[in-house]
>>> print(open('final_5.cif').read())   # mmCIF, C-alpha atoms and all ligand atoms
data_work
#
loop_
_atom_site.label_atom_id
_atom_site.label_comp_id
_atom_site.auth_asym_id
_atom_site.auth_seq_id
_atom_site.Cartn_x
_atom_site.Cartn_y
_atom_site.Cartn_z
CA MET S 1 8.34 -50.11 15.57
CA SER S 2 4.97 -49.33 14.00
CA LYS S 3 4.60 -48.40 10.32
CA GLN S 4 3.51 -44.87 11.25
CA THR S 5 6.60 -44.36 13.41
CA VAL S 6 8.89 -45.43 10.55
CA ILE S 7 7.15 -43.04 8.12
CA PHE S 8 7.38 -40.26 10.68
CA ILE S 9 11.14 -40.81 11.19
CA LEU S 10 11.75 -40.94 7.42
CA LEU S 11 9.83 -37.68 6.95
CA LEU S 12 11.86 -36.08 9.72
CA ILE S 13 15.16 -37.14 8.08
CA ALA S 14 13.98 -35.82 4.69
CA LEU S 15 13.05 -32.52 6.27
CA VAL S 16 16.45 -32.11 7.95
CA LEU S 17 18.37 -33.05 4.77
CA SER S 18 16.41 -30.60 2.62
CA ALA S 19 16.89 -27.70 5.09
CA PRO S 20 19.60 -25.95 3.05
CA LEU S 21 17.19 -25.82 0.10
CA TRP S 22 14.36 -23.98 1.83
CA TYR S 23 16.32 -22.02 4.43
CA ASN S 24 17.09 -18.73 2.70
CA SER S 25 19.55 -16.76 4.79
CA SER S 26 19.03 -13.59 2.74
CA GLU S 27 15.46 -13.50 4.05
CA GLU S 28 16.75 -13.38 7.59
CA ASP S 29 19.16 -10.56 6.73
CA PRO S 30 17.31 -8.21 4.37
CA LEU S 31 20.33 -5.95 4.06
CA LYS S 32 22.82 -8.56 2.98
CA PRO S 33 25.16 -6.72 0.60
CA LYS S 34 24.52 -7.61 -3.04
CA GLN S 35 28.12 -7.03 -3.98
CA THR S 36 31.13 -7.46 -1.77
CA GLY S 37 34.86 -7.35 -2.43
CA LYS S 38 36.62 -10.66 -2.78
CA THR S 39 39.77 -9.52 -1.07
CA HIS S 40 41.05 -6.65 0.97
CA GLU S 41 44.14 -4.76 0.09
CA THR S 42 46.27 -2.18 1.81
CA VAL S 43 46.56 0.85 -0.41
CA PHE S 44 49.15 3.58 -0.08
CA LEU S 45 47.92 7.02 -0.90
CA THR S 46 49.60 10.38 -0.64
CA THR S 47 48.09 12.70 1.95
CA PRO S 48 47.84 16.45 1.30
CA LYS S 49 50.86 16.78 3.60
CA GLY S 50 52.85 14.58 1.24
CA ASP S 51 53.00 11.60 3.62
CA GLU S 52 52.40 8.08 2.42
CA LYS S 53 49.27 6.87 4.15
CA ALA S 54 48.20 3.26 4.35
CA THR S 55 44.50 2.51 4.33
CA TYR S 56 42.57 -0.70 4.21
CA VAL S 57 40.08 -1.04 1.35
CA SER S 58 38.17 -3.65 -0.62
CA ASN S 59 38.17 -4.07 -4.38
CA SER S 60 34.51 -3.16 -4.82
CA HIS S 61 33.73 0.17 -6.41
CA PRO S 62 30.35 1.81 -5.81
CA GLN S 63 28.67 3.87 -8.52
CA ASN S 64 27.04 6.16 -5.97
CA VAL S 65 27.93 7.23 -2.43
CA ILE S 66 25.54 8.57 0.21
CA PHE S 67 27.60 9.96 3.09
CA MET S 68 25.57 10.74 6.20
CA ILE S 69 26.75 12.66 9.25
CA GLY S 70 24.83 12.73 12.51
CA ASP S 71 26.40 15.81 14.07
CA GLY S 72 27.16 14.97 17.70
CA MET S 73 25.83 11.41 17.29
CA GLY S 74 27.66 9.11 19.69
CA LEU S 75 26.71 5.60 20.79
CA SER S 76 24.45 6.83 23.61
CA GLN S 77 22.52 9.06 21.19
CA ILE S 78 21.99 6.04 18.93
CA THR S 79 21.09 3.78 21.88
CA ALA S 80 18.59 6.34 23.20
CA GLY S 81 16.98 6.47 19.74
CA SER S 82 16.81 2.69 19.66
CA ILE S 83 15.15 2.48 23.10
CA ALA S 84 12.64 5.20 22.17
CA LYS S 85 11.77 3.71 18.78
CA GLN S 86 11.38 0.18 20.22
CA ASP S 87 11.01 -1.62 16.87
CA GLY S 88 14.60 -1.02 15.76
CA LEU S 89 16.42 1.82 14.01
CA ALA S 90 17.35 1.71 10.32
CA LEU S 91 20.92 1.98 11.64
CA GLU S 92 20.59 -1.45 13.24
CA LYS S 93 20.37 -3.09 9.81
CA PHE S 94 24.00 -2.28 8.90
CA ARG S 95 26.45 -5.18 9.08
CA HIS S 96 29.82 -3.41 8.61
CA ILE S 97 30.70 -1.18 11.54
CA GLY S 98 33.85 0.63 12.63
CA LEU S 99 34.98 3.29 15.09
CA ILE S 100 36.74 6.56 14.35
CA LYS S 101 38.97 8.82 16.42
CA THR S 102 37.65 12.35 16.03
CA TYR S 103 40.48 14.56 17.37
CA SER S 104 41.58 17.62 15.40
CA THR S 105 44.80 19.51 16.22
CA LYS S 106 43.06 19.59 19.64
CA LEU S 107 41.87 16.47 21.47
CA ILE S 108 38.29 17.69 21.22
CA THR S 109 37.23 18.66 17.71
CA ASP S 110 34.59 21.09 16.55
CA SER S 111 32.29 20.33 13.62
CA ALA S 112 34.38 22.30 11.11
CA ALA S 113 37.61 20.37 11.76
CA GLY S 114 35.63 17.13 12.06
CA ALA S 115 33.97 17.55 8.66
CA THR S 116 37.23 18.79 7.12
CA ALA S 117 38.98 15.60 8.27
CA MET S 118 36.37 13.34 6.65
CA ALA S 119 35.92 15.49 3.52
CA THR S 120 39.62 16.13 2.80
CA GLY S 121 41.75 13.61 4.74
CA SER S 122 43.53 16.29 6.78
CA LYS S 123 43.44 16.96 10.50
CA THR S 124 43.21 20.71 10.97
CA TYR S 125 42.47 23.37 13.61
CA ASN S 126 38.98 23.89 15.05
CA GLY S 127 37.03 26.43 12.99
CA ALA S 128 38.71 25.64 9.64
CA ILE S 129 36.39 25.03 6.68
CA SER S 130 38.38 22.61 4.48
CA MET S 131 41.63 24.47 4.97
CA ASN S 132 44.82 23.07 6.47
CA VAL S 133 46.84 24.48 9.37
CA LYS S 134 48.62 26.80 6.91
CA GLN S 135 45.17 28.08 5.78
CA GLN S 136 45.55 26.57 2.31
CA ASN S 137 42.51 25.09 0.52
CA LEU S 138 42.07 21.33 0.76
CA LYS S 139 40.27 19.60 -2.10
CA THR S 140 37.18 17.79 -0.83
CA ILE S 141 35.85 14.37 -1.78
CA LEU S 142 32.84 16.11 -3.34
CA GLU S 143 35.14 18.31 -5.43
CA TYR S 144 37.10 15.23 -6.56
CA ALA S 145 33.80 13.60 -7.54
CA GLU S 146 32.55 16.68 -9.45
CA GLU S 147 35.86 16.96 -11.30
CA ASP S 148 35.55 13.32 -12.30
CA GLY S 149 32.07 13.85 -13.78
CA TRP S 150 29.92 12.72 -10.87
CA VAL S 151 26.85 14.74 -9.86
CA SER S 152 26.55 15.78 -6.23
CA GLY S 153 24.39 17.21 -3.49
CA VAL S 154 24.43 18.49 0.09
CA VAL S 155 21.46 18.25 2.49
CA THR S 156 21.32 19.46 6.09
CA THR S 157 18.99 20.43 8.94
CA ALA S 158 21.33 23.37 9.69
CA THR S 159 21.87 26.32 7.37
CA VAL S 160 23.51 25.17 4.15
CA THR S 161 26.45 27.43 5.04
CA HIS S 162 26.93 25.81 8.49
CA ALA S 163 30.31 24.18 9.24
CA THR S 164 29.45 20.57 8.37
CA PRO S 165 27.83 21.08 4.94
CA ALA S 166 30.19 23.96 4.03
CA CYS S 167 33.25 21.72 4.47
CA PHE S 168 32.16 19.71 1.42
CA TYR S 169 32.02 22.63 -1.06
CA GLY S 170 33.62 25.67 0.62
CA HIS S 171 36.97 26.87 1.93
CA GLN S 172 37.29 29.45 4.71
CA PRO S 173 39.94 30.03 7.39
CA GLU S 174 37.30 30.61 10.09
CA ARG S 175 33.72 29.30 10.24
CA ARG S 176 32.08 32.31 11.87
CA LYS S 177 30.48 35.22 9.98
CA VAL S 178 31.19 33.76 6.54
CA ASN S 179 27.68 32.64 5.55
CA ARG S 180 27.58 35.00 2.58
CA LYS S 181 31.07 34.07 1.41
CA LEU S 182 30.17 30.37 1.60
CA ALA S 183 26.91 30.92 -0.28
CA ALA S 184 28.95 32.66 -3.02
CA GLN S 185 31.46 29.77 -3.04
CA PHE S 186 28.57 27.35 -3.50
CA ILE S 187 27.19 29.32 -6.45
CA ALA S 188 30.66 29.37 -8.06
CA GLN S 189 30.69 25.53 -8.03
CA ASP S 190 28.46 23.27 -10.07
CA ILE S 191 26.82 21.13 -7.39
CA GLU S 192 23.39 19.90 -8.44
CA VAL S 193 21.53 19.88 -5.10
CA LEU S 194 21.62 22.02 -1.96
CA MET S 195 18.93 21.78 0.74
CA GLY S 196 18.72 23.23 4.25
CA GLY S 197 18.25 26.65 5.87
CA GLY S 198 19.79 30.07 5.17
CA TRP S 199 17.67 31.89 2.59
CA THR S 200 18.98 35.22 3.97
CA TYR S 201 22.57 34.48 2.98
CA PHE S 202 21.60 34.05 -0.67
CA LYS S 203 19.30 37.09 -0.99
CA ASP S 204 20.65 40.59 -1.71
CA GLY S 205 23.90 40.96 0.20
CA PRO S 206 26.41 43.73 0.87
CA ASP S 207 28.27 42.62 -2.27
CA GLY S 208 25.29 43.78 -4.38
CA ARG S 209 24.57 40.29 -5.72
CA ASP S 210 21.35 38.30 -5.48
CA LEU S 211 22.54 34.70 -5.30
CA ILE S 212 18.97 33.36 -5.53
CA GLU S 213 18.65 35.05 -8.91
CA GLU S 214 22.09 33.77 -9.92
CA ALA S 215 21.02 30.25 -8.95
CA GLN S 216 17.95 30.58 -11.15
CA GLU S 217 20.13 31.80 -14.01
CA LYS S 218 22.25 28.68 -13.50
CA GLU S 219 19.03 26.67 -13.93
CA TYR S 220 18.44 25.68 -10.33
CA PHE S 221 14.84 25.06 -9.38
CA VAL S 222 14.57 27.25 -6.26
CA THR S 223 12.01 26.62 -3.52
CA ASN S 224 11.50 27.08 0.22
CA ASN S 225 9.18 24.12 0.64
CA ILE S 226 10.25 20.55 -0.07
CA GLU S 227 6.70 19.22 0.26
CA GLN S 228 5.42 21.41 -2.58
CA VAL S 229 7.93 19.93 -5.02
CA GLY S 230 5.87 16.74 -5.21
CA ASP S 231 6.80 14.48 -8.11
CA TYR S 232 8.57 17.24 -10.05
CA ARG S 233 12.15 16.20 -10.81
CA PRO S 234 14.34 19.17 -11.76
CA ASP S 235 17.98 18.64 -12.84
CA LYS S 236 19.24 21.02 -10.17
CA MET S 237 17.60 22.21 -7.00
CA LEU S 238 18.20 24.80 -4.30
CA CYS S 239 15.79 24.34 -1.38
CA LEU S 240 16.12 26.85 1.47
CA ILE S 241 13.46 26.19 4.09
CA SER S 242 14.18 29.04 6.53
CA PRO S 243 15.72 32.54 6.53
CA GLN S 244 18.46 31.44 8.93
CA LEU S 245 18.70 28.33 11.17
CA PRO S 246 15.94 25.78 10.45
CA PRO S 247 13.61 25.04 13.38
CA LYS S 248 13.45 21.87 15.50
CA VAL S 249 12.01 18.71 13.95
CA LYS S 250 8.55 19.34 15.51
CA GLU S 251 8.23 22.48 13.37
CA ARG S 252 10.17 21.50 10.24
CA GLY S 253 8.33 18.15 10.01
CA ASN S 254 9.51 15.54 7.55
CA PHE S 255 12.02 17.82 5.78
CA LEU S 256 15.16 15.69 6.21
CA PRO S 257 13.75 12.31 5.06
CA LEU S 258 11.93 14.03 2.17
CA ALA S 259 15.00 16.06 1.15
CA THR S 260 17.11 12.89 1.22
CA LYS S 261 14.61 11.05 -0.96
CA LYS S 262 14.20 13.94 -3.41
CA SER S 263 17.97 14.50 -3.68
CA ILE S 264 18.53 10.85 -4.54
CA GLU S 265 15.75 11.08 -7.15
CA ILE S 266 17.40 14.14 -8.74
CA LEU S 267 20.95 12.78 -8.60
CA ASP S 268 20.23 9.21 -9.73
CA HIS S 269 21.48 9.52 -13.30
CA PRO S 270 21.91 6.64 -15.73
CA LYS S 271 25.18 8.13 -17.03
CA ALA S 272 26.89 9.56 -13.93
CA GLY S 273 27.49 8.40 -10.39
CA PHE S 274 26.45 10.62 -7.51
CA PHE S 275 27.90 11.76 -4.20
CA LEU S 276 25.34 12.97 -1.66
CA MET S 277 26.14 14.30 1.83
CA VAL S 278 23.24 14.31 4.31
CA GLU S 279 23.57 15.86 7.77
CA GLY S 280 21.37 15.44 10.84
CA ALA S 281 22.69 18.68 12.34
CA GLN S 282 20.48 19.23 15.33
CA ILE S 283 21.37 16.08 17.28
CA ASP S 284 24.41 18.20 18.21
CA TRP S 285 22.37 21.29 19.09
CA ARG S 286 20.11 19.41 21.51
CA GLY S 287 23.26 17.89 23.02
CA HIS S 288 24.69 21.37 23.64
CA GLU S 289 21.35 22.30 25.25
CA ASN S 290 21.39 19.07 27.32
CA LYS S 291 17.82 18.24 26.21
CA SER S 292 17.57 14.45 26.13
CA SER S 293 14.04 14.03 24.77
CA LEU S 294 14.49 16.65 22.03
CA LEU S 295 17.83 15.05 21.12
CA ILE S 296 16.05 11.72 20.65
CA GLU S 297 13.50 13.37 18.31
CA GLU S 298 16.37 14.65 16.13
CA MET S 299 18.03 11.22 16.27
CA LEU S 300 14.84 9.52 15.06
CA ASP S 301 14.42 12.10 12.28
CA PHE S 302 17.97 11.38 11.09
CA ASP S 303 17.25 7.66 11.24
CA LYS S 304 14.26 8.18 8.89
CA ALA S 305 16.64 9.81 6.40
CA ILE S 306 18.98 6.81 6.80
CA ALA S 307 16.02 4.52 6.03
CA GLU S 308 15.44 6.45 2.77
CA ALA S 309 19.09 6.09 1.78
CA LEU S 310 19.11 2.37 2.60
CA ALA S 311 15.88 1.73 0.71
CA PHE S 312 17.46 3.25 -2.41
CA ALA S 313 20.80 1.50 -1.94
CA GLU S 314 19.16 -1.87 -1.47
CA LYS S 315 17.13 -1.47 -4.65
CA ASP S 316 20.06 -0.01 -6.62
CA GLY S 317 22.76 -2.49 -5.56
CA ASN S 318 25.62 -0.15 -6.54
CA THR S 319 25.32 2.49 -3.84
CA LEU S 320 27.57 2.73 -0.81
CA VAL S 321 25.90 4.25 2.27
CA ILE S 322 28.13 5.50 5.09
CA VAL S 323 26.65 6.81 8.34
CA THR S 324 28.93 8.37 10.94
CA ALA S 325 29.40 11.40 13.20
CA ASP S 326 31.90 14.23 13.42
CA HIS S 327 32.11 13.86 17.23
CA GLU S 328 29.97 13.09 20.26
CA THR S 329 28.19 15.99 21.98
CA GLY S 330 27.24 16.38 25.63
CA GLY S 331 29.04 13.41 27.16
CA TYR S 332 25.59 11.85 26.99
CA SER S 333 24.77 8.67 28.90
CA ILE S 334 21.68 6.62 29.60
CA ASN S 335 21.17 6.18 33.32
CA GLY S 336 17.72 4.62 33.32
CA GLY S 337 14.47 4.29 31.46
CA ASN S 338 12.00 1.67 30.37
CA LYS S 339 12.29 -0.63 27.38
CA LYS S 340 8.53 -1.27 27.36
CA THR S 341 7.47 2.37 27.27
CA GLY S 342 10.48 3.67 25.35
CA GLU S 343 11.33 6.10 28.14
CA VAL S 344 14.99 7.20 28.34
CA LYS S 345 16.62 8.86 31.32
CA GLY S 346 19.58 10.61 29.76
CA LYS S 347 22.27 12.60 31.54
CA PHE S 348 24.97 14.91 30.23
CA THR S 349 28.47 15.51 31.53
CA SER S 350 29.20 18.51 29.29
CA ASP S 351 27.54 21.20 27.19
CA TYR S 352 30.23 20.82 24.53
CA HIS S 353 31.72 18.03 22.42
CA THR S 354 33.71 15.10 23.83
CA ALA S 355 36.68 13.10 22.53
CA THR S 356 34.84 9.74 22.59
CA MET S 357 35.22 7.65 19.45
CA VAL S 358 32.12 7.55 17.22
CA PRO S 359 30.79 4.68 15.10
CA VAL S 360 30.87 4.31 11.31
CA PHE S 361 28.17 2.21 9.64
CA ALA S 362 28.61 1.05 6.04
CA TYR S 363 26.38 -0.72 3.52
CA GLY S 364 26.93 -1.56 -0.13
CA PRO S 365 29.94 -2.09 -2.43
CA GLY S 366 33.12 -1.39 -0.43
CA ALA S 367 31.36 -1.49 2.97
CA GLU S 368 33.94 -3.97 4.33
CA SER S 369 36.57 -1.23 4.07
CA PHE S 370 35.01 0.69 6.93
CA THR S 371 35.37 -1.88 9.73
CA GLY S 372 38.07 -1.46 12.37
CA VAL S 373 39.33 1.42 14.49
CA TYR S 374 40.94 4.32 12.63
CA ASP S 375 41.27 8.11 12.30
CA ASN S 376 38.40 10.13 10.82
CA THR S 377 40.78 11.22 8.01
CA GLU S 378 40.83 7.60 6.75
CA ILE S 379 37.23 8.01 5.59
CA PHE S 380 38.43 10.38 2.87
CA PHE S 381 41.19 8.03 1.68
CA LYS S 382 38.88 5.02 1.65
CA LEU S 383 36.20 6.92 -0.28
CA LYS S 384 38.67 8.38 -2.75
CA HIS S 385 40.04 4.94 -3.51
CA LEU S 386 36.66 3.20 -3.69
CA MET S 387 35.17 5.95 -5.88
CA GLN S 388 38.25 5.99 -8.15
CA VAL S 389 37.90 9.74 -8.55
CA ASP S 390 41.57 10.63 -8.30
CA LYS S 391 42.74 9.48 -11.70
CA LYS S 392 46.26 10.89 -11.22
CA ASN S 393 46.85 8.90 -8.06
CA ILE S 394 45.33 5.52 -8.87
CA GLN S 395 47.91 2.80 -8.61
MG MG S 401 26.96 20.30 11.84
ZN ZN S 402 28.45 21.11 18.34
#
>>> encode(input="final_5.cif", output="structure tokens")
Amino acid sequence: MSKQTVIFILLLIALVLSAPLWYNSSEEDPLKPKQTGKTHETVFLTTPKGDEKATYVSNSHPQNVIFMIGDGMGLSQITAGSIAKQDGLALEKFRHIGLIKTYSTKLITDSAAGATAMATGSKTYNGAISMNVKQQNLKTILEYAEEDGWVSGVVTTATVTHATPACFYGHQPERRKVNRKLAAQFIAQDIEVLMGGGWTYFKDGPDGRDLIEEAQEKEYFVTNNIEQVGDYRPDKMLCLISPQLPPKVKERGNFLPLATKKSIEILDHPKAGFFLMVEGAQIDWRGHENKSSLLIEEMLDFDKAIAEALAFAEKDGNTLVIVTADHETGGYSINGGNKKTGEVKGKFTSDYHTATMVPVFAYGPGAESFTGVYDNTEIFFKLKHLMQVDKKNIQ
């Protein structure tokens, strides 16, 4: 063996032995959780019906929670977005993933019962806004958080009084024709941020009140244009971008990612934790319309909002981000396309929702608690335990 060969072999051995020193696995996985629970535990909590309910949670407790709902966002909607985007969705960075069963008192849920289940832990009838089958109010996770001193916000690409957002702050026996009542219920609460459409429902109503004026009296910064807010950071903000339903993403532009970013900026307090709900509402609407390419545009817009939430959570280290859906819409499937061009050939089997399970993605302290297959109501119990907001019921 020549001298050079010996040196070469020795160098090779040194390189292999030192591998653990220079191979940094956190570089390969940029979203590796900074804080994870050491053990899991099964916790028994009392449901609003009085039943003992077992749920599986970790011992980590986040300071902030960003809860994101892609309305109608099933696996095909996500896959279509991934094919179209080509360089990977923000959603693909999550490492803790589960599946939820979305049924209400019917096999196929609507968005009101779906959001009620996740916000309050109760399965209810379609159309109910955080009320149970006896039409009694159910306390929401946001209301628990507010009562415990957290600050909170709700952001949506629907009207702010639409079923999904309303289920976090309002209570109504039937979702239709209650925009004004829900706007009044919002004003009666003390939620720091509300962004979406529905200016009309806050202006002068048949009850003789001007809820925009009342919001200003309660020290909300009120605007109809998120882009004009710039670097200004008010303590409370009401942003209503349209008189009624907000337009499609092509017309409303970057509203959702910007609103997500601005809400986090407003709610990120040194002294209080925050709970923020963000909804990509129009994935569902394009599913009802059976418009595959427009659905993908809404999916990608929602993914940009997810990227904003993740960027904050990664920097902060104490924020739990959950992304899920209330149900799948359209019985959507991908029957062809082209990975190179990002083309998707989508087909629909329905113009309504389906009963297919939907995914849950989790990142941050407590994320491990969201793996597995479980009912949508479990989300509430897991959050309530992780957030430690129910002082009376903490064991
Ligand atoms: Mg919705
Ligand atoms: Zn729908």
>>> atom_distance(input="final_5.cif", atom1="atom CA of S:Glu192", atom2="atom CA of S:Gly208")
24.3 Å
>>> residues_near_ligand(input="final_5.cif", ligand="ligand MG 401 (chain S)", cutoff="12 Å", atoms="only C-alpha atoms and all ligand atoms", output="PyMOL selection string")
chain S and resi 68-73+109-116+127+129+155-168+175+196+245+277-286+325-329+353
>>> write_last_selection(input="final_5.cif", atoms="C-alpha atoms", output="mmCIF file, in the frame of the given file")
data_model
loop_
_atom_site.group_PDB
_atom_site.id
_atom_site.type_symbol
_atom_site.label_atom_id
_atom_site.label_comp_id
_atom_site.auth_asym_id
_atom_site.auth_seq_id
_atom_site.Cartn_x
_atom_site.Cartn_y
_atom_site.Cartn_z
ATOM 1 C CA MET S 68 25.570 10.740 6.200
ATOM 2 C CA ILE S 69 26.750 12.660 9.250
ATOM 3 C CA GLY S 70 24.830 12.730 12.510
ATOM 4 C CA ASP S 71 26.400 15.810 14.070
ATOM 5 C CA GLY S 72 27.160 14.970 17.700
ATOM 6 C CA MET S 73 25.830 11.410 17.290
ATOM 7 C CA THR S 109 37.230 18.660 17.710
ATOM 8 C CA ASP S 110 34.590 21.090 16.550
ATOM 9 C CA SER S 111 32.290 20.330 13.620
ATOM 10 C CA ALA S 112 34.380 22.300 11.110
ATOM 11 C CA ALA S 113 37.610 20.370 11.760
ATOM 12 C CA GLY S 114 35.630 17.130 12.060
ATOM 13 C CA ALA S 115 33.970 17.550 8.660
ATOM 14 C CA THR S 116 37.230 18.790 7.120
ATOM 15 C CA GLY S 127 37.030 26.430 12.990
ATOM 16 C CA ILE S 129 36.390 25.030 6.680
ATOM 17 C CA VAL S 155 21.460 18.250 2.490
ATOM 18 C CA THR S 156 21.320 19.460 6.090
ATOM 19 C CA THR S 157 18.990 20.430 8.940
ATOM 20 C CA ALA S 158 21.330 23.370 9.690
ATOM 21 C CA THR S 159 21.870 26.320 7.370
ATOM 22 C CA VAL S 160 23.510 25.170 4.150
ATOM 23 C CA THR S 161 26.450 27.430 5.040
ATOM 24 C CA HIS S 162 26.930 25.810 8.490
ATOM 25 C CA ALA S 163 30.310 24.180 9.240
ATOM 26 C CA THR S 164 29.450 20.570 8.370
ATOM 27 C CA PRO S 165 27.830 21.080 4.940
ATOM 28 C CA ALA S 166 30.190 23.960 4.030
ATOM 29 C CA CYS S 167 33.250 21.720 4.470
ATOM 30 C CA PHE S 168 32.160 19.710 1.420
ATOM 31 C CA ARG S 175 33.720 29.300 10.240
ATOM 32 C CA GLY S 196 18.720 23.230 4.250
ATOM 33 C CA LEU S 245 18.700 28.330 11.170
ATOM 34 C CA MET S 277 26.140 14.300 1.830
ATOM 35 C CA VAL S 278 23.240 14.310 4.310
ATOM 36 C CA GLU S 279 23.570 15.860 7.770
ATOM 37 C CA GLY S 280 21.370 15.440 10.840
ATOM 38 C CA ALA S 281 22.690 18.680 12.340
ATOM 39 C CA GLN S 282 20.480 19.230 15.330
ATOM 40 C CA ILE S 283 21.370 16.080 17.280
ATOM 41 C CA ASP S 284 24.410 18.200 18.210
ATOM 42 C CA TRP S 285 22.370 21.290 19.090
ATOM 43 C CA ARG S 286 20.110 19.410 21.510
ATOM 44 C CA ALA S 325 29.400 11.400 13.200
ATOM 45 C CA ASP S 326 31.900 14.230 13.420
ATOM 46 C CA HIS S 327 32.110 13.860 17.230
ATOM 47 C CA GLU S 328 29.970 13.090 20.260
ATOM 48 C CA THR S 329 28.190 15.990 21.980
ATOM 49 C CA HIS S 353 31.720 18.030 22.420
#
>>> atom_distance(input="final_5.cif", atom1="atom CA of S:Met195", atom2="atom CA of S:Met118")
20.3 Å
>>> residues_around(input="final_5.cif", residues="S:Thr105", least_positions_apart="2", cutoff="8 Å", atoms="only C-alpha atoms", output="JSON, numbers by chain")
{"S": [103, 107, 109, 123, 124, 125, 126]}
>>> write_last_selection(input="final_5.cif", atoms="C-alpha atoms", output="CSV table (one decimal), in the coordinates of the input")
chain,number,residue,atom,x,y,z
S,103,TYR,CA,40.5,14.6,17.4
S,107,LEU,CA,41.9,16.5,21.5
S,109,THR,CA,37.2,18.7,17.7
S,123,LYS,CA,43.4,17.0,10.5
S,124,THR,CA,43.2,20.7,11.0
S,125,TYR,CA,42.5,23.4,13.6
S,126,ASN,CA,39.0,23.9,15.0
>>> closest_residue(input="final_5.cif", among="S:Lys304, S:Gln216, S:Phe8, S:Leu211", to="S:Leu256", atoms="only C-alpha atoms")
S:Lys304
>>> atom_distance(input="final_5.cif", atom1="atom CA of S:Gly330", atom2="atom CA of S:Gln77")
9.8 Å
>>> residues_around(input="final_5.cif", residues="S:Glu214", least_positions_apart="6", cutoff="12 Å", atoms="all atoms listed in the file", output="count of residues only")
13
>>> residues_around(input="final_5.cif", residues="stretch 268-274 of chain S", least_positions_apart="2", cutoff="7 Å", atoms="all atoms listed in the file", output="list in words")
Gln63, Asn64, Val65, Gly149, Trp150, Val151, Ser152, Ile264, Glu265, Ile266 and Leu276 of chain S
